[in-house]
Amino acid sequence: MEKTVVELFAGVGGFRVGLNEVTLDEHGVTHEKDNFRFVWANQWEPSTKTQHAFECYKKRFNENSVSNEDIAKVDKKSIPDHSLLVGGFPCQDYSVARSLSKEQGIQGKKGVLWWQINDILKEKRPPFVLLENVDRLIKSPSTQRGRDFGIMLRCFDDLGYAVEWRIINAAEYGHAQRRRRIYVFAYHMSTKYYDRMSKVNPEAIFQESGMFAKSFPISNTQLNISKIDISNGQYKDLVEVSNQFKFAFENSGFMVNGFISTTTTNPVEIKSRTLGEIIESNKVNSAYYIDKSLEKFEYLKDSKRIPREKNGVKYTYSEGKMTFPEDLNLPGRTMLTSEGTVNRSTHVIRDITGKLRILTPIETERLNDFPDNWTDTGMPEKRRYFMMGNALVTGLVRTLGEQINSIISHE
């Protein structure tokens, strides 16, 4: 089986950087291994006149097969066949309802990107799928914990896929950012891998045999596994799942034939890189120092208890004290899209000059294991920070890619 990839919601190419171990030389030329052949990608930012992420992707990969069209308007039949579908997509409200015609048609909420992935799965049936999302996906919505992830899993089951997932903190496996994300790996029943793995018990999947166990080993010798059936034997269709399903998913899980097993796993930790290791070793531009905004940062990072009132109800809004400046002996906190602004979540460090400053764009790229200056493609600096706040840790994808490469090779 050829190792071909379609990348959805591609951003600045994080999945591709990781899977193909991409580097950037001193002349800004991209060097890419041929682990996987990317046949199509889509990146479109709604309500944005200049498509900075798309332009970055196109420039870095010298790529004409990247689409800059709303994925909802793309004819799914026109997407090239592929063996691996990858993408990081928003955690939204995945609920479904009967169609307005009162027939048995089912419709999801307009604009929810999961349904675009589902439509591609229906049309193209890629043998393998790797997705990334925020870790709160398994607990949303707050009024019906686990429903949204349950809807995803039922969609996969209806289309003949088995699914494995793991919430991974990148810092626990050697990386420089404490970024927790869920990774979802699915494989179709037509594959040899499915035939093999569907016969393995969940305990072995979690501890040794599964794709995540091989990529990111766990330390658990015993597991407390919870199980639930989400198949059509238990729930007639997606509408019943949407209306009734509720479940406490844990950080690791496996589903085959609609039967879900989930448990809490603990990592075999690898010493993380630290902020001190990734910051630039030379004095940086004076614009990054926070002399004028120091007082504001001190207030934002400090603890506070603020009386407030909403709808006539009085309450106290509170925040805990944050380390200020950042401890350079620890990995960085999770970056947000507001990184680089005068904001509570922005990293502030004391560098070699002894002065306080925010991270540079290069340093934010290093927190996600991107090559230095990857986003230096003409976009405004504010957008460079935004891109890294939205990106994934490409080093994790690189590790996962090694296992996926081997899995596809054995097809």
# chains A, B, ... in the order shown; residues from 1 in each chain; ligands from 1
$ closest_atom_pairs --of "range 101-189 of chain A" --to "range 11-16 of chain A" --cutoff "10 Å" --atoms "only C-alpha atoms" --output "tab-separated table"
residue	atom	partner	partner_atom	distance
A:Leu130	CA	A:Phe15	CA	9.4
A:Leu131	CA	A:Phe15	CA	9.6
A:Glu132	CA	A:Phe15	CA	9.6
$ write_last_selection --atoms "C-alpha atoms" --output "tab-separated table (two decimals), in the first residue's frame"
chain	number	residue	atom	x	y	z
A	130	LEU	CA	-4.95	10.32	12.56
A	131	LEU	CA	-6.70	13.28	14.20
A	132	GLU	CA	-5.75	15.76	16.93
$ residues_around --residues "range 85-91 of chain A" --least-positions-apart "5" --cutoff "10 Å" --atoms "only C-alpha atoms" --output "MDAnalysis selection string"
chainID A and resid 4:11 13:16 38 40:42 112:114 117 120:121 124:138 140:141 148:149 182:186 390:392
$ atom_distance --atom1 "CA of Ser198 in chain A" --atom2 "CA of Arg37 in chain A"
27.8 Å
$ atom_distance --atom1 "CA of Thr364 in chain A" --atom2 "CA of Gly389 in chain A"
8.3 Å
$ residues_around --residues "range 208-224 of chain A" --least-positions-apart "5" --cutoff "8 Å" --atoms "only C-alpha atoms" --output "number ranges by chain"
A: 164-166, 173, 197, 200, 203, 263-268, 399-400, 403-404
$ write_last_selection --atoms "C-alpha atoms" --output "PDB file, in the first residue's frame"
ATOM      1  CA  GLU A 164      -7.670   4.012  19.539  1.00  0.00           C
ATOM      2  CA  TRP A 165      -7.056   7.271  21.420  1.00  0.00           C
ATOM      3  CA  ARG A 166      -4.675   8.763  23.957  1.00  0.00           C
ATOM      4  CA  TYR A 173       7.571  12.459  26.464  1.00  0.00           C
ATOM      5  CA  MET A 197      -5.796  -5.825  16.255  1.00  0.00           C
ATOM      6  CA  VAL A 200      -6.224  -8.415  20.734  1.00  0.00           C
ATOM      7  CA  GLU A 203      -5.376  -4.673  28.188  1.00  0.00           C
ATOM      8  CA  THR A 263      -8.787   3.504  31.204  1.00  0.00           C
ATOM      9  CA  THR A 264      -6.320   5.900  32.796  1.00  0.00           C
ATOM     10  CA  THR A 265      -2.733   5.318  31.714  1.00  0.00           C
ATOM     11  CA  ASN A 266       0.438   6.857  33.126  1.00  0.00           C
ATOM     12  CA  PRO A 267       3.441   7.646  30.942  1.00  0.00           C
ATOM     13  CA  VAL A 268       6.931   6.240  31.102  1.00  0.00           C
ATOM     14  CA  THR A 399       6.959   9.581  16.745  1.00  0.00           C
ATOM     15  CA  LEU A 400       3.449   8.467  15.803  1.00  0.00           C
ATOM     16  CA  GLN A 403       4.558   3.463  13.899  1.00  0.00           C
ATOM     17  CA  ILE A 404       2.015   4.375  11.214  1.00  0.00           C
TER      18      ILE A 404
END
$ select_by_dssp --residues "range 147-378 of chain A" --states "strand (DSSP E)" --output "ChimeraX atom specification"
/A:161-169,180-188,226-229,252-256,259-263,304-310,313-319,348-350,356-358
$ residues_around --residues "Arg154 in chain A" --least-positions-apart "2" --cutoff "12 Å" --atoms "only C-alpha atoms" --output "number ranges by chain"
A: 94, 118, 147-152, 156-163, 228-242, 245, 255-260
$ closest_residue --among "A:Lys139, A:Arg350, A:His175, A:Ser95" --to "Cys155 in chain A" --atoms "only C-alpha atoms"
A:Ser95
$ residues_around --residues "Thr360 in chain A" --least-positions-apart "6" --cutoff "9 Å" --atoms "only C-alpha atoms" --output "list of chain:residue names"
A:Ile279, A:Glu280, A:Val284, A:Asn285, A:Tyr288, A:Gly340, A:Tyr385
$ write_last_selection --atoms "N, CA and C atoms" --output "PDB file, in the first residue's frame"
ATOM      1  N   ILE A 279      15.369  28.793  24.354  1.00  0.00           N
ATOM      2  CA  ILE A 279      15.387  30.239  24.118  1.00  0.00           C
ATOM      3  C   ILE A 279      16.644  30.625  23.333  1.00  0.00           C
ATOM      4  N   GLU A 280      16.536  31.693  22.574  1.00  0.00           N
ATOM      5  CA  GLU A 280      17.657  32.145  21.759  1.00  0.00           C
ATOM      6  C   GLU A 280      18.822  32.557  22.653  1.00  0.00           C
ATOM      7  N   VAL A 284      18.084  39.633  21.847  1.00  0.00           N
ATOM      8  CA  VAL A 284      17.089  39.772  20.782  1.00  0.00           C
ATOM      9  C   VAL A 284      16.693  41.232  20.607  1.00  0.00           C
ATOM     10  N   ASN A 285      15.859  41.490  19.618  1.00  0.00           N
ATOM     11  CA  ASN A 285      15.396  42.838  19.333  1.00  0.00           C
ATOM     12  C   ASN A 285      14.735  43.469  20.561  1.00  0.00           C
ATOM     13  N   TYR A 288      10.961  43.058  22.041  1.00  0.00           N
ATOM     14  CA  TYR A 288      10.428  41.940  22.825  1.00  0.00           C
ATOM     15  C   TYR A 288      10.515  42.160  24.339  1.00  0.00           C
ATOM     16  N   GLY A 340       2.312  36.306  23.011  1.00  0.00           N
ATOM     17  CA  GLY A 340       2.997  37.484  22.479  1.00  0.00           C
ATOM     18  C   GLY A 340       2.296  38.795  22.769  1.00  0.00           C
ATOM     19  N   TYR A 385       2.644  34.326  16.024  1.00  0.00           N
ATOM     20  CA  TYR A 385       2.303  33.830  17.361  1.00  0.00           C
ATOM     21  C   TYR A 385       0.989  33.043  17.319  1.00  0.00           C
TER      22      TYR A 385
END
$ atom_distance --atom1 "CA of Leu294 in chain A" --atom2 "CA of Arg273 in chain A"
27.2 Å
$ select_by_dssp --residues "range 41-267 of chain A" --states "alpha helix (DSSP H)" --output "number ranges by chain"
A: 52-61, 114-124, 147-158, 192-197, 202-204, 211-215, 238-244
$ residues_around --residues "range 19-31 of chain A" --least-positions-apart "4" --cutoff "9 Å" --atoms "only C-alpha atoms" --output "ChimeraX atom specification"
/A:14-15,35-37,60-62,370-374,394-395,397-402,405
$ residues_around --residues "Tyr193 in chain A" --least-positions-apart "4" --cutoff "9 Å" --atoms "only C-alpha atoms" --output "list in words"
Tyr187, His188, Met189, Met197, Ser198, Ile407, Ile408, His410 and Glu411 of chain A
$ closest_residue --among "A:Phe254, A:Ile358, A:Arg383, A:Thr323" --to "Ile205 in chain A" --atoms "only C-alpha atoms"
A:Phe254
